[in-house]
Amino acid sequence: MAVDLAERFGTPLYVYSGDGLVAHYAAFEAAVSELDCVVHYAVKANSSLGVLGLLAQQGAGADIVSGGEMKRALIAGIAPDKIVFSGVGKTDDEIRAALQAGIAQINAESATELRHISQIAAETKQQAAVALRVNVNVDPGSHAKISTGQRSTKFGIPVANGEAAMLYRQLCSDPNLIPRGLAVHIGSQLRKLDPFELAYQELLVLADMLRAEGLDVPMLDLGGGLGVDYEEDKTPDFDAYGQMVTRIFASRDYKVGFEPGRSIAADNGVFLTRTLFVKKGENKRFIIVDGAMNDLIRPTLYEAFHRIEPVGQPNPVIGLADIVGPVCETGDYLGQGRAMPAIAEGEILAVLSAGAYGAVMMSNYNTRPEAAEVMIHDEAVHVLRPRRNVKDLLKLEHNPFS
Ligand SMILES: Cc1ncc(COP(=O)(O)O)c(C=O)c1O
């Protein structure tokens, strides 16, 4: 199947499993079903219109972080009242567009942002529904570049120094704003549940305190972050996560929101790449493939591990190899020091668990057109994004000196 797809659509190629996306989304929903809750899929993990469209059919809302992602979510059929706008730096234009579209809520992350939202709401003669994203200073135990919970990061409004409470009071007294509650997201790829629990308990303490003052705190947005097993073929432990949040929130009178991204999408995508050459270095074997860091940046950006497997018959391992792309950077690798069989020129390798934070981070570095994206769903193959060519890339540029 993988070889057929590689032949038909060329490589490098992202292949998603629609059935898998549906199953993972359903498993997440089932795990939190005892709660009065809404699930906003984190668009940033995989924002392909086809992925969003399929999740929209399952009833998913969207957690977005830009005006562009809002457009995608709306075009894919996600209703505005199921869209939450997160992120630390929204422009006035983005805020205006969000208010105009009538999305469910904006999660504000600073006093200045709150002021901008209020002013734009006043100018456009409407009220903006706003939650405050708070910083509870909890270390998620993940990679530094995807940890957002500590006070040293740019995310959220500090709870410890009283700023979050002060701003929530301000939000409640602002006639241009409708208080929606509090939000927290401490990071991505969390493999342990304790940091989530710590953060959620901190959030509850603050929410209870604000309610005790008579303020309206209808909703707690619990963010995303549930990790996946990149080393083994295992579904994320939705049930353990569900049991933990149910234990904390089932007896409490708060509506809760979730923003899962990676846990829905990662396992449901593979990245197919074709072997160009096998090169014997002085002390290493390099398998040079046509997929590179511009197609899948996670290995070099986060030292992330993805299993890499030849798609044909299993053959005996002959030694270690680095699987590298053609980009002119030593950091351009998909895997290092992997036990691999003999690999022939032209052979297809599958990079597994590449459905989240893969295609969304593609770039054109080295003037490499992006990989194509296809989805297999209900036994049919759908092209989500055709391969571009260099002509497409150059179309938007001008040379004033020619
Ligand atoms: C605010 C917010 N919500 C949700 C997510 C999704 O996280 P994950 O893909 O780890 O579930 C992110 C990503 O880091 C985020 O920044």
# chains A, B, ... in the order shown; residues from 1 in each chain; ligands from 1
$ residues_near_ligand --ligand "ligand 1" --cutoff "6 Å" --atoms "only C-alpha atoms and all ligand atoms" --output "NGL selection string"
:A and (42 or 45 or 86 or 185 or 187-189 or 223-226 or 259-263)
$ write_last_selection --atoms "N, CA, C and O atoms" --output "JSON list (two decimals), in the first residue's frame"
[["chain", "number", "residue", "atom", "x", "y", "z"],
["A", 42, "ALA", "N", -6.84, 21.13, 18.63],
["A", 42, "ALA", "CA", -5.81, 22.16, 18.44],
["A", 42, "ALA", "C", -5.33, 22.13, 16.99],
["A", 42, "ALA", "O", -4.54, 21.27, 16.58],
["A", 45, "ALA", "N", -1.73, 21.42, 15.39],
["A", 45, "ALA", "CA", -1.08, 20.11, 15.28],
["A", 45, "ALA", "C", -1.11, 19.58, 13.85],
["A", 45, "ALA", "O", -0.14, 19.00, 13.37],
["A", 86, "SER", "N", -6.49, 30.99, 21.00],
["A", 86, "SER", "CA", -5.40, 31.03, 21.96],
["A", 86, "SER", "C", -4.21, 31.77, 21.35],
["A", 86, "SER", "O", -4.22, 32.11, 20.17],
["A", 185, "HIS", "N", -2.55, 25.94, 29.76],
["A", 185, "HIS", "CA", -1.94, 24.92, 28.87],
["A", 185, "HIS", "C", -0.46, 24.93, 29.19],
["A", 185, "HIS", "O", 0.24, 25.91, 28.91],
["A", 187, "GLY", "N", 2.01, 22.78, 28.30],
["A", 187, "GLY", "CA", 3.00, 22.28, 27.36],
["A", 187, "GLY", "C", 2.46, 21.12, 26.56],
["A", 187, "GLY", "O", 1.31, 20.70, 26.73],
["A", 188, "SER", "N", 3.31, 20.63, 25.68],
["A", 188, "SER", "CA", 2.92, 19.55, 24.78],
["A", 188, "SER", "C", 3.81, 18.33, 25.02],
["A", 188, "SER", "O", 4.92, 18.46, 25.54],
["A", 189, "GLN", "N", 3.31, 17.18, 24.58],
["A", 189, "GLN", "CA", 4.02, 15.90, 24.73],
["A", 189, "GLN", "C", 4.33, 15.60, 26.20],
["A", 189, "GLN", "O", 5.46, 15.28, 26.57],
["A", 223, "GLY", "N", -6.70, 23.14, 28.16],
["A", 223, "GLY", "CA", -5.60, 23.04, 27.19],
["A", 223, "GLY", "C", -5.46, 21.65, 26.60],
["A", 223, "GLY", "O", -6.34, 20.79, 26.72],
["A", 224, "GLY", "N", -4.33, 21.45, 25.93],
["A", 224, "GLY", "CA", -4.03, 20.13, 25.35],
["A", 224, "GLY", "C", -2.83, 19.56, 26.08],
["A", 224, "GLY", "O", -2.65, 19.79, 27.27],
["A", 225, "GLY", "N", -1.98, 18.83, 25.34],
["A", 225, "GLY", "CA", -0.71, 18.42, 25.93],
["A", 225, "GLY", "C", -0.49, 16.94, 26.11],
["A", 225, "GLY", "O", 0.65, 16.51, 26.33],
["A", 226, "LEU", "N", -1.58, 16.14, 26.03],
["A", 226, "LEU", "CA", -1.40, 14.71, 26.27],
["A", 226, "LEU", "C", -0.41, 14.13, 25.25],
["A", 226, "LEU", "O", -0.57, 14.32, 24.05],
["A", 259, "GLU", "N", -8.25, 20.92, 24.59],
["A", 259, "GLU", "CA", -7.64, 21.32, 23.32],
["A", 259, "GLU", "C", -6.61, 20.29, 22.87],
["A", 259, "GLU", "O", -5.42, 20.61, 22.73],
["A", 260, "PRO", "N", -7.01, 19.05, 22.66],
["A", 260, "PRO", "CA", -6.01, 18.05, 22.25],
["A", 260, "PRO", "C", -5.59, 18.24, 20.79],
["A", 260, "PRO", "O", -6.43, 18.54, 19.94],
["A", 261, "GLY", "N", -4.34, 18.09, 20.52],
["A", 261, "GLY", "CA", -3.85, 18.19, 19.15],
["A", 261, "GLY", "C", -3.04, 16.95, 18.81],
["A", 261, "GLY", "O", -3.49, 16.05, 18.10],
["A", 262, "ARG", "N", -1.85, 16.89, 19.40],
["A", 262, "ARG", "CA", -0.93, 15.79, 19.10],
["A", 262, "ARG", "C", -1.56, 14.42, 19.34],
["A", 262, "ARG", "O", -1.40, 13.50, 18.53],
["A", 263, "SER", "N", -2.28, 14.28, 20.45],
["A", 263, "SER", "CA", -2.81, 12.96, 20.81],
["A", 263, "SER", "C", -3.85, 12.48, 19.80],
["A", 263, "SER", "O", -4.11, 11.28, 19.69]]
$ select_by_dssp --residues "range 216-277 of chain A" --states "alpha helix (DSSP H)" --output "list in words"
Phe238, Asp239, Ala240, Tyr241, Gly242, Gln243, Met244, Val245, Thr246, Arg247, Ile248, Phe249, Arg262, Ser263, Ile264 and Ala265 of chain A
$ residues_around --residues "Gly162 in chain A" --least-positions-apart "3" --cutoff "12 Å" --atoms "only C-alpha atoms" --output "PDB file with N, CA and C atoms, in the first residue's frame"
ATOM      1  N   VAL A 134      -3.819  31.585  32.183  1.00  0.00           N
ATOM      2  CA  VAL A 134      -2.965  31.884  33.326  1.00  0.00           C
ATOM      3  C   VAL A 134      -1.709  31.029  33.302  1.00  0.00           C
ATOM      4  N   ASN A 135      -0.706  31.526  34.006  1.00  0.00           N
ATOM      5  CA  ASN A 135       0.553  30.793  34.133  1.00  0.00           C
ATOM      6  C   ASN A 135       0.666  30.326  35.583  1.00  0.00           C
ATOM      7  N   VAL A 136       0.602  29.001  35.748  1.00  0.00           N
ATOM      8  CA  VAL A 136       0.573  28.440  37.103  1.00  0.00           C
ATOM      9  C   VAL A 136       1.956  27.988  37.574  1.00  0.00           C
ATOM     10  N   ILE A 157      -0.807  34.535  32.150  1.00  0.00           N
ATOM     11  CA  ILE A 157      -0.712  35.643  33.105  1.00  0.00           C
ATOM     12  C   ILE A 157      -0.403  35.021  34.472  1.00  0.00           C
ATOM     13  N   PRO A 158       0.638  35.522  35.140  1.00  0.00           N
ATOM     14  CA  PRO A 158       1.051  34.873  36.385  1.00  0.00           C
ATOM     15  C   PRO A 158      -0.055  34.836  37.437  1.00  0.00           C
ATOM     16  N   VAL A 159      -0.171  33.679  38.072  1.00  0.00           N
ATOM     17  CA  VAL A 159      -1.135  33.537  39.170  1.00  0.00           C
ATOM     18  C   VAL A 159      -0.465  33.962  40.481  1.00  0.00           C
ATOM     19  N   ALA A 165      -5.609  37.232  39.037  1.00  0.00           N
ATOM     20  CA  ALA A 165      -6.848  37.565  39.772  1.00  0.00           C
ATOM     21  C   ALA A 165      -7.229  39.014  39.514  1.00  0.00           C
ATOM     22  N   MET A 166      -6.239  39.889  39.558  1.00  0.00           N
ATOM     23  CA  MET A 166      -6.506  41.322  39.360  1.00  0.00           C
ATOM     24  C   MET A 166      -7.105  41.564  37.964  1.00  0.00           C
ATOM     25  N   LEU A 167      -6.506  40.912  36.957  1.00  0.00           N
ATOM     26  CA  LEU A 167      -7.003  41.113  35.587  1.00  0.00           C
ATOM     27  C   LEU A 167      -8.384  40.490  35.390  1.00  0.00           C
ATOM     28  N   TYR A 168      -8.649  39.392  36.099  1.00  0.00           N
ATOM     29  CA  TYR A 168      -9.982  38.779  35.955  1.00  0.00           C
ATOM     30  C   TYR A 168     -11.048  39.718  36.531  1.00  0.00           C
ATOM     31  N   ARG A 169     -10.713  40.367  37.650  1.00  0.00           N
ATOM     32  CA  ARG A 169     -11.669  41.339  38.226  1.00  0.00           C
ATOM     33  C   ARG A 169     -11.919  42.453  37.209  1.00  0.00           C
ATOM     34  N   LEU A 206      -7.688  29.200  42.011  1.00  0.00           N
ATOM     35  CA  LEU A 206      -7.916  30.571  41.546  1.00  0.00           C
ATOM     36  C   LEU A 206      -9.393  30.768  41.164  1.00  0.00           C
ATOM     37  N   MET A 209     -11.554  31.002  44.194  1.00  0.00           N
ATOM     38  CA  MET A 209     -11.350  32.275  44.894  1.00  0.00           C
ATOM     39  C   MET A 209     -12.137  33.398  44.186  1.00  0.00           C
ATOM     40  N   LEU A 210     -12.072  33.398  42.857  1.00  0.00           N
ATOM     41  CA  LEU A 210     -12.781  34.455  42.109  1.00  0.00           C
ATOM     42  C   LEU A 210     -14.292  34.296  42.254  1.00  0.00           C
TER      43      LEU A 210
END
$ residues_around --residues "range 64-68 of chain A" --least-positions-apart "3" --cutoff "10 Å" --atoms "only C-alpha atoms" --output "PDB file with all heavy atoms, in the first residue's frame"
ATOM      1  N   HIS A  40     -12.079  21.203  21.762  1.00  0.00           N
ATOM      2  CA  HIS A  40     -11.605  22.053  20.669  1.00  0.00           C
ATOM      3  C   HIS A  40     -10.291  21.463  20.176  1.00  0.00           C
ATOM      4  O   HIS A  40      -9.260  21.619  20.837  1.00  0.00           O
ATOM      5  CB  HIS A  40     -11.387  23.492  21.155  1.00  0.00           C
ATOM      6  CG  HIS A  40     -12.637  24.161  21.644  1.00  0.00           C
ATOM      7  ND1 HIS A  40     -12.806  24.559  22.955  1.00  0.00           N
ATOM      8  CD2 HIS A  40     -13.775  24.479  21.004  1.00  0.00           C
ATOM      9  CE1 HIS A  40     -14.015  25.113  23.087  1.00  0.00           C
ATOM     10  NE2 HIS A  40     -14.616  25.074  21.918  1.00  0.00           N
ATOM     11  N   TYR A  41     -10.321  20.787  19.043  1.00  0.00           N
ATOM     12  CA  TYR A  41      -9.095  20.207  18.481  1.00  0.00           C
ATOM     13  C   TYR A  41      -8.089  21.331  18.208  1.00  0.00           C
ATOM     14  O   TYR A  41      -8.441  22.374  17.632  1.00  0.00           O
ATOM     15  CB  TYR A  41      -9.453  19.464  17.179  1.00  0.00           C
ATOM     16  CG  TYR A  41      -8.253  19.132  16.322  1.00  0.00           C
ATOM     17  CD1 TYR A  41      -7.335  18.172  16.708  1.00  0.00           C
ATOM     18  CD2 TYR A  41      -8.029  19.814  15.119  1.00  0.00           C
ATOM     19  CE1 TYR A  41      -6.225  17.884  15.927  1.00  0.00           C
ATOM     20  CE2 TYR A  41      -6.921  19.528  14.327  1.00  0.00           C
ATOM     21  CZ  TYR A  41      -6.022  18.568  14.740  1.00  0.00           C
ATOM     22  OH  TYR A  41      -4.919  18.290  13.979  1.00  0.00           O
ATOM     23  N   ALA A  42      -6.842  21.132  18.632  1.00  0.00           N
ATOM     24  CA  ALA A  42      -5.807  22.161  18.441  1.00  0.00           C
ATOM     25  C   ALA A  42      -5.332  22.131  16.990  1.00  0.00           C
ATOM     26  O   ALA A  42      -4.536  21.271  16.581  1.00  0.00           O
ATOM     27  CB  ALA A  42      -4.637  21.927  19.393  1.00  0.00           C
ATOM     28  N   VAL A  43      -5.802  23.093  16.226  1.00  0.00           N
ATOM     29  CA  VAL A  43      -5.571  23.135  14.779  1.00  0.00           C
ATOM     30  C   VAL A  43      -4.083  23.123  14.444  1.00  0.00           C
ATOM     31  O   VAL A  43      -3.658  22.581  13.426  1.00  0.00           O
ATOM     32  CB  VAL A  43      -6.275  24.386  14.189  1.00  0.00           C
ATOM     33  CG1 VAL A  43      -5.905  24.611  12.738  1.00  0.00           C
ATOM     34  CG2 VAL A  43      -7.790  24.245  14.339  1.00  0.00           C
ATOM     35  N   LYS A  44      -3.267  23.717  15.312  1.00  0.00           N
ATOM     36  CA  LYS A  44      -1.842  23.825  15.014  1.00  0.00           C
ATOM     37  C   LYS A  44      -1.187  22.467  14.796  1.00  0.00           C
ATOM     38  O   LYS A  44      -0.202  22.359  14.092  1.00  0.00           O
ATOM     39  CB  LYS A  44      -1.114  24.594  16.115  1.00  0.00           C
ATOM     40  CG  LYS A  44      -1.110  23.878  17.456  1.00  0.00           C
ATOM     41  CD  LYS A  44      -0.170  24.543  18.444  1.00  0.00           C
ATOM     42  CE  LYS A  44      -0.749  25.808  19.004  1.00  0.00           C
ATOM     43  NZ  LYS A  44      -1.945  25.617  19.833  1.00  0.00           N
ATOM     44  N   SER A  47      -3.281  21.146  10.445  1.00  0.00           N
ATOM     45  CA  SER A  47      -4.356  22.062  10.050  1.00  0.00           C
ATOM     46  C   SER A  47      -4.840  21.819   8.627  1.00  0.00           C
ATOM     47  O   SER A  47      -5.526  22.657   8.054  1.00  0.00           O
ATOM     48  CB  SER A  47      -3.866  23.510  10.201  1.00  0.00           C
ATOM     49  OG  SER A  47      -2.761  23.736   9.346  1.00  0.00           O
ATOM     50  N   GLY A  61     -14.745  21.030  17.902  1.00  0.00           N
ATOM     51  CA  GLY A  61     -14.514  22.456  17.776  1.00  0.00           C
ATOM     52  C   GLY A  61     -13.049  22.670  17.453  1.00  0.00           C
ATOM     53  O   GLY A  61     -12.303  21.710  17.189  1.00  0.00           O
ATOM     54  N   LYS A  71      -9.533  31.024   9.657  1.00  0.00           N
ATOM     55  CA  LYS A  71     -10.092  30.855   8.296  1.00  0.00           C
ATOM     56  C   LYS A  71     -10.194  29.384   7.939  1.00  0.00           C
ATOM     57  O   LYS A  71     -11.212  28.919   7.432  1.00  0.00           O
ATOM     58  CB  LYS A  71      -9.174  31.532   7.270  1.00  0.00           C
ATOM     59  CG  LYS A  71      -9.429  32.987   7.076  1.00  0.00           C
ATOM     60  CD  LYS A  71      -9.515  33.358   5.574  1.00  0.00           C
ATOM     61  CE  LYS A  71     -10.102  34.740   5.385  1.00  0.00           C
ATOM     62  NZ  LYS A  71      -9.186  35.820   5.818  1.00  0.00           N
ATOM     63  N   ARG A  72      -9.120  28.666   8.204  1.00  0.00           N
ATOM     64  CA  ARG A  72      -9.129  27.226   7.903  1.00  0.00           C
ATOM     65  C   ARG A  72     -10.275  26.525   8.618  1.00  0.00           C
ATOM     66  O   ARG A  72     -11.001  25.728   8.020  1.00  0.00           O
ATOM     67  CB  ARG A  72      -7.821  26.576   8.381  1.00  0.00           C
ATOM     68  CG  ARG A  72      -6.666  26.748   7.463  1.00  0.00           C
ATOM     69  CD  ARG A  72      -5.450  26.002   8.032  1.00  0.00           C
ATOM     70  NE  ARG A  72      -4.339  26.162   7.124  1.00  0.00           N
ATOM     71  CZ  ARG A  72      -4.127  25.409   6.048  1.00  0.00           C
ATOM     72  NH1 ARG A  72      -4.930  24.404   5.774  1.00  0.00           N
ATOM     73  NH2 ARG A  72      -3.094  25.629   5.268  1.00  0.00           N
ATOM     74  N   ALA A  73     -10.407  26.811   9.925  1.00  0.00           N
ATOM     75  CA  ALA A  73     -11.439  26.119  10.718  1.00  0.00           C
ATOM     76  C   ALA A  73     -12.821  26.434  10.164  1.00  0.00           C
ATOM     77  O   ALA A  73     -13.660  25.536  10.012  1.00  0.00           O
ATOM     78  CB  ALA A  73     -11.331  26.532  12.189  1.00  0.00           C
ATOM     79  N   ILE A  83     -15.203  27.762  18.269  1.00  0.00           N
ATOM     80  CA  ILE A  83     -13.805  28.127  18.043  1.00  0.00           C
ATOM     81  C   ILE A  83     -13.283  28.982  19.205  1.00  0.00           C
ATOM     82  O   ILE A  83     -13.926  29.960  19.614  1.00  0.00           O
ATOM     83  CB  ILE A  83     -13.634  28.896  16.709  1.00  0.00           C
ATOM     84  CG1 ILE A  83     -14.040  27.990  15.542  1.00  0.00           C
ATOM     85  CG2 ILE A  83     -12.205  29.387  16.545  1.00  0.00           C
ATOM     86  CD1 ILE A  83     -13.937  28.652  14.164  1.00  0.00           C
ATOM     87  N   VAL A  84     -12.120  28.586  19.713  1.00  0.00           N
ATOM     88  CA  VAL A  84     -11.443  29.311  20.788  1.00  0.00           C
ATOM     89  C   VAL A  84     -10.115  29.815  20.239  1.00  0.00           C
ATOM     90  O   VAL A  84      -9.405  29.080  19.567  1.00  0.00           O
ATOM     91  CB  VAL A  84     -11.187  28.357  21.982  1.00  0.00           C
ATOM     92  CG1 VAL A  84     -10.273  28.993  22.999  1.00  0.00           C
ATOM     93  CG2 VAL A  84     -12.501  27.945  22.622  1.00  0.00           C
ATOM     94  N   PHE A  85      -9.804  31.082  20.520  1.00  0.00           N
ATOM     95  CA  PHE A  85      -8.589  31.704  19.970  1.00  0.00           C
ATOM     96  C   PHE A  85      -7.535  31.831  21.068  1.00  0.00           C
ATOM     97  O   PHE A  85      -7.650  32.652  21.965  1.00  0.00           O
ATOM     98  CB  PHE A  85      -8.958  33.081  19.415  1.00  0.00           C
ATOM     99  CG  PHE A  85      -7.955  33.689  18.454  1.00  0.00           C
ATOM    100  CD1 PHE A  85      -8.344  34.748  17.641  1.00  0.00           C
ATOM    101  CD2 PHE A  85      -6.654  33.234  18.344  1.00  0.00           C
ATOM    102  CE1 PHE A  85      -7.442  35.333  16.744  1.00  0.00           C
ATOM    103  CE2 PHE A  85      -5.748  33.793  17.456  1.00  0.00           C
ATOM    104  CZ  PHE A  85      -6.147  34.850  16.655  1.00  0.00           C
ATOM    105  N   SER A  86      -6.495  30.986  20.999  1.00  0.00           N
ATOM    106  CA  SER A  86      -5.399  31.031  21.962  1.00  0.00           C
ATOM    107  C   SER A  86      -4.211  31.772  21.355  1.00  0.00           C
ATOM    108  O   SER A  86      -4.224  32.114  20.172  1.00  0.00           O
ATOM    109  CB  SER A  86      -4.947  29.611  22.308  1.00  0.00           C
ATOM    110  OG  SER A  86      -5.989  28.849  22.853  1.00  0.00           O
ATOM    111  N   GLY A  87      -3.177  31.951  22.146  1.00  0.00           N
ATOM    112  CA  GLY A  87      -1.933  32.504  21.600  1.00  0.00           C
ATOM    113  C   GLY A  87      -1.547  33.812  22.257  1.00  0.00           C
ATOM    114  O   GLY A  87      -2.390  34.597  22.659  1.00  0.00           O
ATOM    115  N   VAL A  88      -0.240  34.032  22.285  1.00  0.00           N
ATOM    116  CA  VAL A  88       0.310  35.106  23.103  1.00  0.00           C
ATOM    117  C   VAL A  88       0.352  36.456  22.371  1.00  0.00           C
ATOM    118  O   VAL A  88       0.481  37.496  22.995  1.00  0.00           O
ATOM    119  CB  VAL A  88       1.714  34.679  23.604  1.00  0.00           C
ATOM    120  CG1 VAL A  88       2.745  34.719  22.498  1.00  0.00           C
ATOM    121  CG2 VAL A  88       2.163  35.477  24.781  1.00  0.00           C
ATOM    122  N   GLY A  89       0.187  36.450  21.049  1.00  0.00           N
ATOM    123  CA  GLY A  89       0.349  37.714  20.322  1.00  0.00           C
ATOM    124  C   GLY A  89      -0.628  37.857  19.175  1.00  0.00           C
ATOM    125  O   GLY A  89      -0.258  37.663  18.026  1.00  0.00           O
ATOM    126  N   LYS A  90      -1.857  38.203  19.499  1.00  0.00           N
ATOM    127  CA  LYS A  90      -2.844  38.379  18.416  1.00  0.00           C
ATOM    128  C   LYS A  90      -2.783  39.819  17.916  1.00  0.00           C
ATOM    129  O   LYS A  90      -2.694  40.751  18.716  1.00  0.00           O
ATOM    130  CB  LYS A  90      -4.251  38.060  18.932  1.00  0.00           C
ATOM    131  CG  LYS A  90      -4.356  36.680  19.572  1.00  0.00           C
ATOM    132  CD  LYS A  90      -5.643  36.531  20.349  1.00  0.00           C
ATOM    133  CE  LYS A  90      -5.641  35.314  21.240  1.00  0.00           C
ATOM    134  NZ  LYS A  90      -4.922  35.487  22.521  1.00  0.00           N
ATOM    135  N   THR A  91      -2.868  40.001  16.622  1.00  0.00           N
ATOM    136  CA  THR A  91      -2.870  41.367  16.093  1.00  0.00           C
ATOM    137  C   THR A  91      -4.270  41.958  16.210  1.00  0.00           C
ATOM    138  O   THR A  91      -5.261  41.220  16.352  1.00  0.00           O
ATOM    139  CB  THR A  91      -2.469  41.387  14.598  1.00  0.00           C
ATOM    140  OG1 THR A  91      -3.484  40.704  13.855  1.00  0.00           O
ATOM    141  CG2 THR A  91      -1.122  40.712  14.360  1.00  0.00           C
ATOM    142  N   ASP A  93      -5.969  43.192  13.861  1.00  0.00           N
ATOM    143  CA  ASP A  93      -6.771  42.668  12.741  1.00  0.00           C
ATOM    144  C   ASP A  93      -7.324  41.277  13.063  1.00  0.00           C
ATOM    145  O   ASP A  93      -8.464  40.957  12.725  1.00  0.00           O
ATOM    146  CB  ASP A  93      -5.930  42.582  11.462  1.00  0.00           C
ATOM    147  CG  ASP A  93      -5.781  43.961  10.811  1.00  0.00           C
ATOM    148  OD1 ASP A  93      -6.515  44.887  11.213  1.00  0.00           O
ATOM    149  OD2 ASP A  93      -4.923  44.092   9.916  1.00  0.00           O
ATOM    150  N   GLU A  94      -6.505  40.472  13.704  1.00  0.00           N
ATOM    151  CA  GLU A  94      -6.974  39.120  14.057  1.00  0.00           C
ATOM    152  C   GLU A  94      -8.093  39.194  15.098  1.00  0.00           C
ATOM    153  O   GLU A  94      -9.080  38.454  15.032  1.00  0.00           O
ATOM    154  CB  GLU A  94      -5.807  38.272  14.586  1.00  0.00           C
ATOM    155  CG  GLU A  94      -4.839  37.859  13.492  1.00  0.00           C
ATOM    156  CD  GLU A  94      -3.643  37.085  14.025  1.00  0.00           C
ATOM    157  OE1 GLU A  94      -3.119  37.439  15.109  1.00  0.00           O
ATOM    158  OE2 GLU A  94      -3.206  36.134  13.364  1.00  0.00           O
ATOM    159  N   ILE A  95      -7.932  40.090  16.058  1.00  0.00           N
ATOM    160  CA  ILE A  95      -8.967  40.236  17.095  1.00  0.00           C
ATOM    161  C   ILE A  95     -10.275  40.712  16.444  1.00  0.00           C
ATOM    162  O   ILE A  95     -11.359  40.184  16.711  1.00  0.00           O
ATOM    163  CB  ILE A  95      -8.500  41.224  18.189  1.00  0.00           C
ATOM    164  CG1 ILE A  95      -7.298  40.642  18.942  1.00  0.00           C
ATOM    165  CG2 ILE A  95      -9.643  41.566  19.145  1.00  0.00           C
ATOM    166  CD1 ILE A  95      -6.576  41.620  19.853  1.00  0.00           C
ATOM    167  N   ARG A  96     -10.125  41.684  15.541  1.00  0.00           N
ATOM    168  CA  ARG A  96     -11.304  42.228  14.843  1.00  0.00           C
ATOM    169  C   ARG A  96     -12.007  41.112  14.054  1.00  0.00           C
ATOM    170  O   ARG A  96     -13.228  40.955  14.106  1.00  0.00           O
ATOM    171  CB  ARG A  96     -10.842  43.341  13.892  1.00  0.00           C
ATOM    172  CG  ARG A  96     -11.870  44.432  13.716  1.00  0.00           C
ATOM    173  CD  ARG A  96     -11.286  45.652  13.024  1.00  0.00           C
ATOM    174  NE  ARG A  96     -10.589  46.555  13.927  1.00  0.00           N
ATOM    175  CZ  ARG A  96      -9.319  46.913  13.839  1.00  0.00           C
ATOM    176  NH1 ARG A  96      -8.562  46.437  12.872  1.00  0.00           N
ATOM    177  NH2 ARG A  96      -8.785  47.739  14.710  1.00  0.00           N
ATOM    178  N   ALA A  97     -11.220  40.338  13.337  1.00  0.00           N
ATOM    179  CA  ALA A  97     -11.804  39.250  12.526  1.00  0.00           C
ATOM    180  C   ALA A  97     -12.484  38.212  13.415  1.00  0.00           C
ATOM    181  O   ALA A  97     -13.549  37.686  13.069  1.00  0.00           O
ATOM    182  CB  ALA A  97     -10.705  38.584  11.689  1.00  0.00           C
ATOM    183  N   ALA A  98     -11.886  37.941  14.568  1.00  0.00           N
ATOM    184  CA  ALA A  98     -12.477  36.948  15.485  1.00  0.00           C
ATOM    185  C   ALA A  98     -13.821  37.451  16.014  1.00  0.00           C
ATOM    186  O   ALA A  98     -14.789  36.692  16.095  1.00  0.00           O
ATOM    187  CB  ALA A  98     -11.522  36.667  16.638  1.00  0.00           C
ATOM    188  N   ILE A 106     -12.035  34.366  23.187  1.00  0.00           N
ATOM    189  CA  ILE A 106     -10.620  34.673  22.982  1.00  0.00           C
ATOM    190  C   ILE A 106      -9.931  34.449  24.324  1.00  0.00           C
ATOM    191  O   ILE A 106     -10.403  34.928  25.354  1.00  0.00           O
ATOM    192  CB  ILE A 106     -10.426  36.141  22.535  1.00  0.00           C
ATOM    193  CG1 ILE A 106     -11.149  36.387  21.203  1.00  0.00           C
ATOM    194  CG2 ILE A 106      -8.953  36.484  22.423  1.00  0.00           C
ATOM    195  CD1 ILE A 106     -11.061  37.833  20.701  1.00  0.00           C
ATOM    196  N   ASN A 107      -8.833  33.698  24.311  1.00  0.00           N
ATOM    197  CA  ASN A 107      -8.059  33.520  25.539  1.00  0.00           C
ATOM    198  C   ASN A 107      -6.961  34.579  25.571  1.00  0.00           C
ATOM    199  O   ASN A 107      -6.018  34.520  24.788  1.00  0.00           O
ATOM    200  CB  ASN A 107      -7.450  32.119  25.600  1.00  0.00           C
ATOM    201  CG  ASN A 107      -8.507  31.047  25.798  1.00  0.00           C
ATOM    202  OD1 ASN A 107      -9.675  31.345  26.078  1.00  0.00           O
ATOM    203  ND2 ASN A 107      -8.115  29.791  25.652  1.00  0.00           N
ATOM    204  N   GLU A 259      -8.248  20.919  24.594  1.00  0.00           N
ATOM    205  CA  GLU A 259      -7.642  21.317  23.318  1.00  0.00           C
ATOM    206  C   GLU A 259      -6.605  20.288  22.867  1.00  0.00           C
ATOM    207  O   GLU A 259      -5.424  20.610  22.727  1.00  0.00           O
ATOM    208  CB  GLU A 259      -6.972  22.687  23.468  1.00  0.00           C
ATOM    209  CG  GLU A 259      -7.922  23.804  23.831  1.00  0.00           C
ATOM    210  CD  GLU A 259      -7.205  25.081  24.255  1.00  0.00           C
ATOM    211  OE1 GLU A 259      -5.956  25.052  24.428  1.00  0.00           O
ATOM    212  OE2 GLU A 259      -7.883  26.092  24.428  1.00  0.00           O
TER     213      GLU A 259
END
$ closest_residue --among "A:Thr273, A:Asn315, A:Asn399, A:Asn366" --to "Val351 in chain A" --atoms "only C-alpha atoms"
A:Thr273
$ select_by_dssp --residues "range 226-305 of chain A" --states "strand (DSSP E)" --output "PyMOL selection string"
chain A and resi 255-258+269-280+285-289
$ residues_around --residues "range 321-334 of chain A" --least-positions-apart "5" --cutoff "7 Å" --atoms "only C-alpha atoms" --output "JSON, numbers by chain"
{"A": [284, 285, 286, 287, 288, 289, 290, 291, 292, 293, 299, 300, 339, 340, 366]}
$ closest_atom_pairs --of "range 315-381 of chain A" --to "range 1-14 of chain A" --cutoff "7 Å" --atoms "only C-alpha atoms" --output "CSV"
residue,atom,partner,partner_atom,distance
A:Ile348,CA,A:Val3,CA,6.8
A:Ala371,CA,A:Pro12,CA,5.2
A:Ala372,CA,A:Leu13,CA,5.1
A:Glu373,CA,A:Tyr14,CA,4.6
A:Val374,CA,A:Tyr14,CA,6.2
